[in-house]
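Visitor: The structure's right below; bear with me while I get my questions together.
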Amino acid sequence: MLKPSSNMKNKEKDHSISEDNVITDSTFELIDKVIHDFAPEIAHICQFKEDETEEQQIKTGRLHEHRILGIFLYSYLDGKYKLNTAEVEEEYNFFFKEVTRSTVSTYLNMLKKELILYTERDGRLVDYLFCKDPPNNLEPFWFTRIFCIIPAYFNRVMKFCKLYMNAEKYCKQLIKDNLETDEEQLIRNFQFIIGIIILKILKNRCSKCSCCQFSEKEIYTKIEEMIDIAIKDRTDVLSNEITTDLVEAYSEIPCFNGLGIEEEHIMKKVAKEILIRANIFHKDLEFQIMVSNRRKDLRLKQHGVSDDSLISIIND
């Protein structure tokens, strides 16, 4: 059962998850802020996760392994191939409900015995690594049997949220490079494209979570449908040069043919490409923004943005 969070945590570094099944770490407040700005009509659902299996103590051991492998996957995709026990514990308690280091250590050793991970020792420090690289182009049903995809997708969302929040800096740089355009318009269009990419990443995440053995397919399917409506409200008059060449290309993780963005210079290249398209298709974007703002206002009037509305929507 999905439950809304009753409060957000504001500690400087608070790697905890509320009892209400929603990620509320202060780092994730950036995502929350961006979604509230760009798509407030669905802001109450975008960070929800369902933990009924864990609540009922069903297959808990397999669930821990699943999440730990998801942490290694996210780290691997971000260019970090080694993790020690303390790092895994920190990441686990960041994305999921808190567990002890002994629990993490137990399942790391089990994964080592199963020849999924191996260790490298440097004095007293022991690092864990994948024995084999994660698979590519595997059907989501099979992929999610092995890996929890929540860390990888939320890490990708965070990267684009940072672009969204730093739009002015990137736009000023492009204008400085002799691009003749209206700065305010360029910032607005740049953020709009990035906002669509973020929604698409979240939609892709839900489509994978709906395949997971530890989740309730019906819940994630309904959330995916709601995010898809928000995307369609913001893309129906845009050209393929934006919806396909940018949104589709940048909204998926590498395991499913998405672009690897672990390197900082790649994100700068991505930002420049989005800015160029934002400038070229500024008329289409301005019209789309006008239309989508009207639709957004209508959606908000229909069901509001309160967390409580999620329950009625999910249980329809």
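Labels for the structure tokens follow display order: chains A, B, ..., residues from 1 in each chain, ligands from 1.
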As a list in words, list the residues of range 47-193 of chain A assigned to strand (DSSP E or B) by DSSP on the backbone atoms of this structure.
Guide: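 So the strand (DSSP E or B) residues in range 47-193 of chain A would be Phe48, Leu83, Asn84, Leu117, Tyr118, Thr119, Glu120, Arg121, Asp122, Leu125, Val126, Asp127, Tyr128, Leu129 and Phe130 of chain A.
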Visitor: Tell me, which residues of range 89-147 of chain A carry DSSP alpha helix (DSSP H), written as a list in words?
Guide: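 The residues of range 89-147 of chain A classed as alpha helix (DSSP H) are Glu89, Glu90, Glu91, Tyr92, Asn93, Phe94, Phe95, Arg101, Ser102, Thr103, Val104, Ser105, Thr106, Tyr107, Leu108, Asn109, Met110, Leu111, Lys112, Lys113, Pro140, Phe141, Trp142, Phe143, Thr144, Arg145 and Ile146 of chain A.
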Visitor: Using only C-alpha atoms, which residue out of A:Trp142, A:Ser239, A:Ser251, A:Glu216 lies closest to Asn204 in chain A?
Guide: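 Closest residue, counting only C-alpha atoms: A:Ser251.
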Visitor: Would you pick out the contacts of range 224-232 of chain A at 9 Å or less, using only C-alpha atoms, so that residues sharing its chain but fewer than 6 positions from it are not included, and give the list as JSON, numbers by chain?
Guide: {"A": [39, 41, 42, 45, 46, 196, 199, 200, 202, 203, 204, 205, 206, 207, 210, 292, 296]}
Visitor: Under the rule that only C-alpha atoms are counted, which of A:Leu83, A:Val126, A:Leu63, A:Cys131 is the nearest residue to Lys113 in chain A?
Guide: A:Cys131
Visitor: Please provide the set of residues having any atom within 9 Å of Lys82 in chain A, restricted to only C-alpha atoms, with same-chain residues fewer than 6 positions apart removed, written as a count of residues only.
Guide: 9
Visitor: In Å, rounded to a single decimal, give me how far CA of Ile197 in chain A is from CA of Pro151 in chain A.
Guide: 17.3 Å
